[in-house]
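Novice: start-v3.txt is reproduced in full below (compact mmCIF, C-alpha atoms).
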```
# COMPACT_ATOMS: atom_id res chain seq x y z
CA MET G 1 26.84 50.92 11.05
CA HIS G 2 25.30 49.55 14.18
CA GLU G 3 26.00 52.77 16.13
CA VAL G 4 22.95 54.19 14.31
CA SER G 5 20.86 51.31 15.69
CA LEU G 6 22.27 52.05 19.13
CA ALA G 7 21.51 55.78 18.82
CA GLU G 8 17.95 54.91 17.82
CA GLY G 9 17.79 52.65 20.85
CA ILE G 10 18.92 55.54 23.07
CA ILE G 11 16.25 57.84 21.66
CA GLU G 12 13.58 55.20 22.19
CA VAL G 13 14.56 54.74 25.84
CA VAL G 14 14.73 58.54 26.31
CA GLU G 15 11.32 59.11 24.75
CA ASN G 16 9.70 56.45 26.91
CA ALA G 17 11.29 57.80 30.09
CA ALA G 18 10.45 61.41 29.20
CA ARG G 19 6.86 60.50 28.44
CA GLY G 20 6.57 58.67 31.76
CA ALA G 21 7.97 61.67 33.64
CA GLY G 22 5.99 64.26 31.70
CA ALA G 23 9.17 65.95 30.45
CA LYS G 24 8.97 67.82 27.15
CA ARG G 25 12.52 69.02 26.61
CA ILE G 26 15.57 67.01 27.53
CA LYS G 27 18.78 68.90 28.27
CA THR G 28 21.18 66.06 28.93
CA VAL G 29 21.20 62.34 28.25
CA ARG G 30 23.71 60.41 30.33
CA ILE G 31 24.67 56.97 29.04
CA ALA G 32 27.13 54.38 30.30
CA VAL G 33 29.26 52.68 27.66
CA GLY G 34 31.58 50.21 29.34
CA GLU G 35 35.13 49.74 28.12
CA LEU G 36 34.34 46.18 27.07
CA SER G 37 31.17 46.99 25.15
CA ASN G 38 31.40 46.79 21.38
CA VAL G 39 30.83 50.47 20.58
CA GLU G 40 32.81 53.12 18.70
CA LEU G 41 32.21 56.31 20.70
CA ASP G 42 32.77 58.88 17.94
CA ALA G 43 30.41 57.03 15.65
CA LEU G 44 27.85 56.86 18.44
CA LYS G 45 28.10 60.61 19.16
CA PHE G 46 27.71 61.36 15.47
CA ALA G 47 24.76 59.03 15.14
CA PHE G 48 23.09 60.50 18.23
CA GLU G 49 23.30 64.04 16.84
CA SER G 50 21.59 62.80 13.71
CA VAL G 51 18.91 60.68 15.24
CA LYS G 52 17.87 63.07 18.05
CA ARG G 53 16.46 65.70 15.66
CA GLY G 54 12.74 66.23 15.96
CA THR G 55 12.49 64.22 19.16
CA VAL G 56 12.13 65.25 22.81
CA ALA G 57 15.95 65.08 22.97
CA ASP G 58 16.40 67.48 20.04
CA ALA G 59 18.53 69.93 22.06
CA ALA G 60 20.06 67.38 24.40
CA ALA G 61 23.75 66.96 25.05
CA LEU G 62 25.07 63.42 25.27
CA VAL G 63 27.20 62.65 28.31
CA ILE G 64 29.08 59.34 28.21
CA ASP G 65 30.26 57.57 31.35
CA ARG G 66 32.93 54.97 30.73
CA PRO G 67 32.76 52.19 33.33
CA GLU G 68 36.07 50.38 33.61
CA GLY G 69 36.40 46.84 32.32
CA ARG G 70 37.23 44.28 34.98
CA ALA G 71 37.73 40.52 34.89
CA TRP G 72 38.26 37.64 37.27
CA CYS G 73 41.65 36.06 36.71
CA MET G 74 41.37 32.33 37.29
CA ASP G 75 45.10 32.03 37.92
CA CYS G 76 45.50 34.95 40.35
CA MET G 77 42.09 34.25 41.89
CA LYS G 78 41.29 37.94 42.02
CA GLU G 79 39.62 40.70 40.06
CA VAL G 80 41.87 42.72 37.75
CA PRO G 81 41.37 45.56 35.28
CA LEU G 82 40.66 44.49 31.68
CA HIS G 83 40.50 47.34 29.19
CA ARG G 84 40.10 45.24 26.07
CA TYR G 85 39.31 41.61 25.23
CA GLY G 86 42.55 39.89 24.33
CA ASP G 87 44.60 41.77 26.94
CA ALA G 88 46.53 39.64 29.38
CA CYS G 89 46.08 39.74 33.14
CA PRO G 90 48.15 42.72 34.36
CA SER G 91 49.30 40.68 37.36
CA CYS G 92 50.33 37.30 35.97
CA GLY G 93 50.34 37.79 32.18
CA ASN G 94 48.01 34.84 31.46
CA TYR G 95 44.74 34.88 29.56
CA HIS G 96 42.40 32.90 31.81
CA LEU G 97 40.11 35.86 32.31
CA MET G 98 36.35 36.00 32.78
CA PRO G 99 35.03 39.55 32.30
CA SER G 100 32.88 40.73 35.19
CA GLU G 101 32.34 44.45 34.60
CA GLY G 102 32.52 47.02 31.84
CA ARG G 103 29.92 45.62 29.43
CA ASP G 104 27.32 48.28 30.27
CA LEU G 105 25.38 49.83 27.42
CA LYS G 106 22.59 51.77 29.04
CA VAL G 107 20.86 55.08 29.50
CA VAL G 108 21.63 56.13 33.07
CA ASP G 109 19.55 59.25 33.53
CA LEU G 110 18.14 62.36 31.88
CA GLU G 111 18.13 66.02 32.81
CA SER G 112 15.04 67.83 31.64
CA GLU G 113 14.32 71.51 31.42
CA ASP G 114 10.77 71.30 32.71
CA MET L 1 -2.34 38.05 17.75
CA CYS L 2 0.59 36.12 16.35
CA THR L 3 -0.45 32.49 15.94
CA THR L 4 3.10 31.21 15.67
CA CYS L 5 4.22 32.44 19.03
CA GLY L 6 1.19 34.03 20.65
CA CYS L 7 2.58 37.56 20.77
CA GLY L 8 0.60 40.70 19.95
CA GLY L 9 3.59 41.66 17.79
CA ASP L 10 3.68 44.64 15.51
CA HIS L 11 5.13 43.66 12.16
CA SER L 12 4.11 46.80 10.36
CA HIS L 13 7.61 48.11 9.72
CA MET L 14 8.75 45.18 7.62
CA HIS L 15 7.26 43.89 4.44
CA SER L 16 7.57 40.55 2.75
CA HIS L 17 6.92 39.36 -0.74
CA THR L 18 6.37 35.88 -2.07
CA ASP L 19 7.55 34.82 -5.52
CA GLU L 20 5.82 32.48 -7.95
CA LYS L 21 7.50 29.46 -6.32
CA GLY L 22 6.19 30.39 -2.87
CA ASN L 23 9.60 31.60 -1.65
CA VAL L 24 9.40 34.44 0.86
CA THR L 25 11.81 37.36 1.12
CA ILE L 26 11.50 39.85 3.96
CA HIS L 27 12.62 43.44 3.48
CA ALA L 28 13.56 45.12 6.72
CA THR L 29 13.62 48.93 6.56
CA ASP L 30 17.10 50.32 7.00
CA GLY L 31 18.50 53.18 9.11
CA HIS L 32 15.95 55.59 10.48
CA HIS L 33 13.40 54.37 12.91
CA GLU L 34 10.49 52.41 11.58
CA HIS L 35 7.51 53.44 13.62
CA GLU L 36 5.77 56.80 13.94
CA HIS L 37 6.45 58.61 17.20
CA THR L 38 3.15 59.47 18.76
CA HIS L 39 3.80 61.92 21.52
CA ALA L 40 1.73 61.96 24.65
CA ASP L 41 -0.95 64.61 24.34
CA GLY L 42 -1.37 65.54 27.95
CA THR L 43 -2.87 62.32 29.25
CA THR L 44 -2.11 61.56 32.86
CA HIS L 45 0.35 58.91 33.84
CA SER L 46 0.82 57.13 37.11
CA HIS L 47 4.40 56.22 36.30
CA ALA L 48 6.70 56.45 39.30
CA HIS L 49 9.90 58.33 38.70
CA SER L 50 12.66 59.91 40.70
CA HIS L 51 12.44 63.63 40.86
CA GLU L 52 15.60 64.99 42.41
CA HIS L 53 16.48 68.62 42.83
CA GLY L 54 19.92 67.80 44.06
CA GLU L 55 23.00 69.88 44.60
CA GLY L 56 25.19 70.38 41.61
CA HIS L 57 22.42 71.46 39.26
CA ASP L 58 23.41 74.78 37.68
CA HIS L 59 20.04 75.39 36.06
CA PRO L 60 17.34 75.92 38.71
CA HIS L 61 14.59 74.51 36.50
CA THR L 62 16.15 71.22 35.47
CA HIS L 63 15.33 67.97 37.14
CA LYS L 64 16.91 64.58 36.89
CA ILE L 65 15.05 61.51 35.71
CA SER L 66 16.62 58.20 36.61
CA VAL L 67 16.40 55.69 33.77
CA GLU L 68 18.92 52.86 34.18
CA GLN L 69 17.73 51.04 31.10
CA ASP L 70 19.74 49.09 28.54
CA ILE L 71 20.03 50.77 25.16
CA LEU L 72 19.31 47.49 23.48
CA SER L 73 16.38 46.73 25.75
CA ARG L 74 13.91 46.61 22.87
CA ASN L 75 16.01 44.20 20.84
CA ASN L 76 16.74 42.14 23.95
CA ALA L 77 13.05 41.93 24.81
CA ILE L 78 12.19 40.64 21.34
CA ALA L 79 15.16 38.24 21.52
CA ALA L 80 13.88 36.92 24.84
CA HIS L 81 10.49 36.39 23.22
CA ASN L 82 12.13 34.49 20.35
CA ARG L 83 14.08 32.43 22.86
CA GLU L 84 10.90 31.54 24.75
CA MET L 85 9.26 30.44 21.52
CA PHE L 86 12.25 28.28 20.59
CA ALA L 87 12.22 26.70 24.07
CA ALA L 88 8.49 26.01 23.95
CA LYS L 89 8.88 24.24 20.61
CA LYS L 90 12.18 22.58 21.61
CA ILE L 91 13.94 24.18 18.64
CA LEU L 92 17.73 24.59 18.52
CA ALA L 93 18.47 28.08 17.20
CA LEU L 94 22.02 28.98 16.13
CA ASN L 95 23.33 32.36 14.93
CA PHE L 96 26.15 31.94 12.37
CA VAL L 97 28.47 34.94 12.20
CA SER L 98 31.64 35.61 10.22
CA SER L 99 33.35 37.87 7.72
CA PRO L 100 31.87 37.72 4.22
CA GLY L 101 33.38 34.79 2.29
CA SER L 102 34.23 32.41 5.14
CA GLY L 103 31.95 29.78 3.66
CA LYS L 104 28.88 30.01 5.94
CA THR L 105 26.35 29.28 3.20
CA GLU L 106 28.37 26.39 1.80
CA LEU L 107 28.78 25.02 5.34
CA LEU L 108 25.02 25.17 5.92
CA SER L 109 24.30 23.62 2.51
CA ALA L 110 26.76 20.78 3.16
CA THR L 111 25.26 20.29 6.62
CA ILE L 112 21.76 20.00 5.17
CA ARG L 113 22.89 17.51 2.52
CA ARG L 114 24.61 15.32 5.13
CA ALA L 115 22.02 15.54 7.89
CA ASP L 116 19.48 12.77 8.42
CA PRO L 117 16.22 14.75 8.31
CA LYS L 118 14.72 12.44 10.93
CA LYS L 119 17.50 13.07 13.46
CA LEU L 120 18.35 16.61 12.43
CA PRO L 121 15.56 18.45 10.59
CA ILE L 122 16.82 21.90 9.53
CA THR L 123 15.32 25.21 8.43
CA VAL L 124 17.36 28.33 7.67
CA ILE L 125 16.90 32.08 8.04
CA GLU L 126 19.24 33.86 5.64
CA GLY L 127 20.44 37.45 6.17
CA ASP L 128 22.07 39.56 3.45
CA GLN L 129 21.90 43.19 2.41
CA GLU L 130 20.44 42.23 -0.96
CA THR L 131 19.37 39.27 -3.15
CA SER L 132 17.91 35.92 -2.22
CA ASN L 133 20.88 34.02 -3.61
CA ASP L 134 21.77 32.40 -0.29
CA ALA L 135 18.21 31.28 0.49
CA ASP L 136 18.05 29.78 -3.02
CA ARG L 137 21.25 27.82 -2.36
CA ILE L 138 19.81 26.48 0.88
CA ARG L 139 16.62 25.43 -0.91
CA SER L 140 18.70 23.64 -3.54
CA ALA L 141 20.43 21.76 -0.72
CA GLY L 142 17.03 20.55 0.45
CA ALA L 143 15.90 22.73 3.35
CA ARG L 144 13.20 25.38 3.68
CA SER L 145 14.59 28.88 3.97
CA ILE L 146 13.46 32.49 4.36
CA GLN L 147 15.60 35.38 3.13
CA VAL L 148 15.83 38.64 5.09
CA ASN L 149 17.25 41.59 3.16
CA THR L 150 18.55 44.28 5.48
CA GLY L 151 19.07 46.89 2.74
CA LYS L 152 21.71 49.21 4.19
CA GLY L 153 21.63 47.40 7.51
CA CYS L 154 24.74 45.59 8.68
CA HIS L 155 23.28 42.99 11.00
CA LEU L 156 20.16 40.97 11.67
CA ASP L 157 18.19 41.99 14.74
CA ALA L 158 15.66 40.14 16.86
CA ALA L 159 12.68 41.82 15.20
CA MET L 160 13.77 40.61 11.76
CA VAL L 161 14.19 37.08 13.07
CA HIS L 162 10.78 37.28 14.74
CA GLU L 163 9.22 38.29 11.43
CA ALA L 164 11.08 35.52 9.59
CA LEU L 165 9.89 32.93 12.09
CA HIS L 166 6.29 33.86 11.38
CA HIS L 167 6.77 32.89 7.77
CA LEU L 168 9.14 29.97 8.28
CA ASP L 169 7.28 28.33 11.20
CA PRO L 170 10.03 25.79 12.03
CA ALA L 171 8.77 22.42 13.23
CA PRO L 172 9.07 21.45 16.90
CA GLY L 173 12.25 19.53 17.65
CA SER L 174 14.11 20.94 14.64
CA ALA L 175 17.23 23.08 14.19
CA CYS L 176 16.70 26.66 13.00
CA LEU L 177 20.01 27.92 11.62
CA ILE L 178 20.30 31.69 11.21
CA GLU L 179 22.97 32.90 8.81
CA ASN L 180 23.74 36.50 9.80
CA VAL L 181 24.95 39.23 7.45
CA GLY L 182 28.66 38.73 6.71
CA ASN L 183 30.17 41.14 9.23
CA LEU L 184 32.57 40.38 12.03
CA VAL L 185 31.77 43.52 14.03
CA CYS L 186 28.13 44.54 14.43
CA PRO L 187 26.23 41.27 14.86
CA ALA L 188 28.11 40.64 18.13
CA GLU L 189 25.89 43.20 19.87
CA PHE L 190 22.55 41.84 18.74
CA ASP L 191 20.91 38.94 20.50
CA LEU L 192 18.50 37.17 18.15
CA GLY L 193 17.23 34.67 20.72
CA GLU L 194 19.70 31.99 19.70
CA ALA L 195 21.14 29.23 21.90
CA HIS L 196 24.65 29.92 20.62
CA LYS L 197 26.53 32.18 18.30
CA VAL L 198 28.78 30.11 16.03
CA VAL L 199 31.67 32.07 14.50
CA VAL L 200 33.04 30.76 11.21
CA ILE L 201 36.57 31.63 10.08
CA SER L 202 38.35 30.19 7.04
CA VAL L 203 42.04 29.35 6.65
CA THR L 204 42.31 31.90 3.84
CA GLU L 205 41.83 34.63 6.44
CA GLY L 206 44.41 35.77 8.99
CA GLU L 207 45.00 33.48 11.98
CA ASP L 208 45.00 36.54 14.26
CA LYS L 209 41.41 37.47 13.47
CA PRO L 210 40.23 36.48 16.96
CA LEU L 211 42.53 39.15 18.42
CA LYS L 212 41.49 41.75 15.85
CA TYR L 213 37.77 41.14 16.31
CA PRO L 214 37.61 40.14 19.97
CA ASP L 215 33.98 41.09 20.60
CA MET L 216 32.70 38.55 18.11
CA PHE L 217 34.90 35.72 19.36
CA ARG L 218 33.90 36.61 22.90
CA ALA L 219 30.23 36.39 21.97
CA ALA L 220 30.55 32.99 20.29
CA ASP L 221 30.49 29.61 22.03
CA LEU L 222 31.81 27.65 19.06
CA MET L 223 34.37 28.50 16.38
CA ILE L 224 34.35 26.60 13.09
CA ILE L 225 37.57 26.81 11.11
CA ASN L 226 36.55 26.14 7.52
CA LYS L 227 38.36 25.34 4.23
CA VAL L 228 41.02 23.19 5.97
CA ASP L 229 41.58 21.45 2.64
CA LEU L 230 43.41 24.63 1.59
CA LEU L 231 45.91 24.51 4.48
CA PRO L 232 48.80 23.26 2.29
CA TYR L 233 48.50 26.42 0.17
CA VAL L 234 48.28 29.14 2.82
CA ASN L 235 50.33 30.40 5.75
CA PHE L 236 47.68 29.80 8.35
CA ASN L 237 48.77 28.49 11.75
CA ILE L 238 45.60 26.72 12.83
CA ASP L 239 46.79 25.96 16.37
CA LYS L 240 47.69 29.62 16.89
CA CYS L 241 44.28 30.68 15.64
CA GLU L 242 42.61 28.52 18.28
CA GLU L 243 45.00 29.81 20.93
CA TYR L 244 44.15 33.42 20.04
CA ALA L 245 40.46 32.64 20.22
CA ARG L 246 40.92 31.18 23.70
CA ARG L 247 42.74 34.34 24.80
CA VAL L 248 39.66 36.45 24.22
CA ASN L 249 37.26 33.68 25.24
CA PRO L 250 38.70 30.88 27.39
CA LYS L 251 35.48 28.88 27.02
CA ILE L 252 35.22 28.84 23.23
CA ARG L 253 35.32 25.44 21.51
CA ALA L 254 36.71 24.80 18.02
CA ILE L 255 35.92 22.39 15.18
CA ARG L 256 38.02 22.18 12.01
CA VAL L 257 36.15 21.40 8.79
CA SER L 258 36.11 21.53 5.03
CA ALA L 259 32.52 22.03 3.96
CA THR L 260 33.39 21.20 0.37
CA LYS L 261 35.70 18.20 0.92
CA GLY L 262 34.07 16.77 4.06
CA ASP L 263 36.88 16.93 6.63
CA GLY L 264 35.50 17.33 10.14
CA MET L 265 31.89 17.38 8.99
CA ASP L 266 31.02 14.25 10.98
CA GLN L 267 32.24 15.92 14.16
CA TRP L 268 30.26 19.06 13.34
CA LEU L 269 27.09 17.04 12.72
CA LYS L 270 27.61 15.24 16.03
CA TRP L 271 27.87 18.60 17.84
CA LEU L 272 24.64 19.70 16.18
CA GLU L 273 22.80 16.51 17.07
CA ALA L 274 24.00 16.75 20.68
CA GLU L 275 22.85 20.38 20.91
CA LEU L 276 19.48 19.47 19.44
CA ILE L 277 19.06 16.79 22.12
CA LEU L 278 19.95 19.39 24.77
CA ALA L 279 17.36 21.74 23.30
CA SER L 280 14.71 19.08 23.77
CA ILE L 281 15.35 18.67 27.50
```
Could you render the structure as structure tokens?
Specialist:
Amino acid sequence: MHEVSLAEGIIEVVENAARGAGAKRIKTVRIAVGELSNVELDALKFAFESVKRGTVADAAALVIDRPEGRAWCMDCMKEVPLHRYGDACPSCGNYHLMPSEGRDLKVVDLESED
Amino acid sequence: MCTTCGCGGDHSHMHSHTDEKGNVTIHATDGHHEHEHTHADGTTHSHAHSHEHGEGHDHPHTHKISVEQDILSRNNAIAAHNREMFAAKKILALNFVSSPGSGKTELLSATIRRADPKKLPITVIEGDQETSNDADRIRSAGARSIQVNTGKGCHLDAAMVHEALHHLDPAPGSACLIENVGNLVCPAEFDLGEAHKVVVISVTEGEDKPLKYPDMFRAADLMIINKVDLLPYVNFNIDKCEEYARRVNPKIRAIRVSATKGDGMDQWLKWLEAELILASI
């Protein structure tokens, strides 16, 4: 499952940031997983718990922000919410949508205990 | 230093073996992370970081470290490196994605057999969990190929492609076709450094697949609908399938083919030749 690859990616980013800041024990890892990103959250949480063991984030809690998906509707000529690819524009019902936000997949910040 | 692309790349976590015919198979380690974690042992660092003791912290001794870094930054960095190498050598790289059984390997084999090697030289990177069956089929069709076995892995990543390129060394001005692991979910997330993702769907699948797997159809620039020779025998509404694909990705283009019978293959070859010319500009 690619959520394991993603969890490993999170740990790598966390370790690099912790090393750079001189932090030895991370308490919280905050990530942003946009509504339109291709990630199954439960699988990601499970994978994170597995992959964090023995690392600087061993005792860390994972906090997940969920940025809203948004798209530009080419018919309405305005930005509208888009929670899932394949949804219609909530204003006009058409599908001429270009996603603009909600594809985030990043580590936002860390809270360390030292 | 890597002589193919000039990087100082670390290839230590993958191993390759070569058989008696000179065919190379790369084994990428699966699951848990490849490299050893060497922790900093008290050396000083001049790294700038934000060090906020802001309101809202319950624990007096915690501090916040701003990161703002993509989770896939490592893969994306290697993909960008691959992309630079392709650009420098004017190589057209395509990432073929689909469910297992859509006919990707047959499509690539038929493409190789039809292509004029002077106008459209082709090499192939094959991705499967196990076996080198697909790379062998490509070689039988007449093109050089490298097999990557992902083991338990469900997708190719940029590091695997980078490793494969070292062995394959595609010629300048050629097309490097990457056949991803058959999987309509995970490969959508992983940039390999390609110019385009090409999603292949066959008429023996459901016409509503683009709605059911929107991330993949969103990530692709071209959709190939394969096995059209079987349309008389299945309930597949091909126009609807294209319409569904355009709902999740208004910019996606579609080509209808039968890799085995030849329908649409001329059009597909033309698209490839045009893209190869674009890659050379």
Novice: G:Val80, G:Ile64, G:Met98, G:Cys92: which is nearest Ala32 in chain G, counting all atoms listed in the file?
Specialist: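 Nearest to Ala32 in chain G: G:Ile64.
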Novice: Figure out the distance between CA of Glu84 in chain L and CA of Ile146 in chain L, please, to one decimal in Å.
Specialist: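 Here the two named atoms are 20.6 Å from each other.
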Novice: Do you have the CA of Asn235 in chain L-CA of Arg247 in chain L distance handy?
Specialist: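 Answer for the CA of Asn235 in chain L to CA of Arg247 in chain L separation: 20.9 Å.
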Novice: Counting all atoms listed in the file, which residues of chain G come no farther than 6 Å from chain L, as a PyMOL selection string?
Specialist: chain G and resi 2+9-10+20+85-86+95+105-113
Novice: Measuring atom to atom with only C-alpha atoms, identify which of G:Leu97, G:Met77, G:Ala23, G:Leu6 is nearest to Thr55 in chain G.
Specialist: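 Checking each candidate against Thr55 in chain G, we get G:Ala23 as the closest.
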Novice: Could you tell me how far CA of His27 in chain L lies from CA of Gly54 in chain G, in Å and to one decimal?
Specialist: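 So the answer is 26.0 Å.
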Novice: At a cut-off of 6 Å, can you tabulate as JSON lines every residue of range 164-228 of chain L near range 93-97 of chain L together with its closest atom pair and the distance in Å to one decimal, using all atoms listed in the file and ordering rows by chain then number?
Specialist:
```
{"residue": "L:Ala175", "atom": "CA", "partner": "L:Ala93", "partner_atom": "CA", "distance": 6.0}
{"residue": "L:Cys176", "atom": "CA", "partner": "L:Ala93", "partner_atom": "CA", "distance": 4.8}
{"residue": "L:Leu177", "atom": "CA", "partner": "L:Leu94", "partner_atom": "CA", "distance": 5.1}
{"residue": "L:Ile178", "atom": "CA", "partner": "L:Asn95", "partner_atom": "CA", "distance": 4.8}
{"residue": "L:Glu179", "atom": "CA", "partner": "L:Phe96", "partner_atom": "CA", "distance": 4.9}
{"residue": "L:Asn180", "atom": "CA", "partner": "L:Val97", "partner_atom": "CA", "distance": 5.5}
{"residue": "L:Glu194", "atom": "CA", "partner": "L:Ala93", "partner_atom": "CA", "distance": 4.8}
{"residue": "L:Ala195", "atom": "CA", "partner": "L:Ala93", "partner_atom": "CA", "distance": 5.5}
{"residue": "L:His196", "atom": "CA", "partner": "L:Leu94", "partner_atom": "CA", "distance": 5.3}
{"residue": "L:Lys197", "atom": "CA", "partner": "L:Asn95", "partner_atom": "CA", "distance": 4.7}
{"residue": "L:Val198", "atom": "CA", "partner": "L:Phe96", "partner_atom": "CA", "distance": 4.9}
{"residue": "L:Val199", "atom": "CA", "partner": "L:Val97", "partner_atom": "CA", "distance": 4.9}
```
Novice: Which residues are near Gly262 in chain L? Cut-off 10 Å, all atoms listed in the file, ignore same chain within fewer than 5 positions. Put them as a tab-separated table (two decimals) with C-alpha atoms, keeping the file's coordinate frame.
Specialist:
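The result, written out as around19.tsv:
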```tsv
chain	number	residue	atom	x	y	z
L	107	LEU	CA	28.78	25.02	5.34
L	110	ALA	CA	26.76	20.78	3.16
L	111	THR	CA	25.26	20.29	6.62
L	114	ARG	CA	24.61	15.32	5.13
L	227	LYS	CA	38.36	25.34	4.23
L	228	VAL	CA	41.02	23.19	5.97
L	229	ASP	CA	41.58	21.45	2.64
L	257	VAL	CA	36.15	21.40	8.79
```
Novice: Dig up all the protein and nucleic acid residues within 7 Å of (9.5, 33.3, 6.1) in the file frame, using all atoms listed in the file, and format them as a ChimeraX atom specification.
Specialist: /L:24-25,146,164-168
Novice: Hey, could you pull the box centre and edge lengths for range 183-195 of chain L, axis-aligned, 6 Å padding per side, all listed atoms, to one decimal in Å, as AutoDock Vina command-line options?
Specialist:
```
--center_x 24.9 --center_y 36.9 --center_z 15.6 --size_x 27.3 --size_y 27.3 --size_z 24.7
```
Novice: Would you mind telling me which residue in L:Glu207, L:Asp136, L:Asp169, L:Asp191 lies nearest to Cys241 in chain L when using only C-alpha atoms?
Specialist: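 Ranking L:Glu207, L:Asp136, L:Asp169, L:Asp191 by distance to Cys241 in chain L, first place goes to L:Glu207.
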Novice: Applying 10 Å and only C-alpha atoms, which residues near Val203 in chain L remain after dropping the ones on its own chain fewer than 5 positions away? List them as number ranges by chain.
Specialist: L: 102, 225-231, 233-238, 241, 256, 258
Novice: Tell me, as a count of residues only, which residues lie within 9 Å of Glu68 in chain G, counting only C-alpha atoms; anything in the same chain fewer than 4 positions away does not count.
Specialist: 9
Novice: Could you check which of G:Gly93, G:Cys76, G:Lys27, G:Leu62 is closest to Asp42 in chain G, using only C-alpha atoms?
Specialist: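 Between G:Gly93, G:Cys76, G:Lys27, G:Leu62, the residue approaching Asp42 in chain G most closely is G:Leu62.
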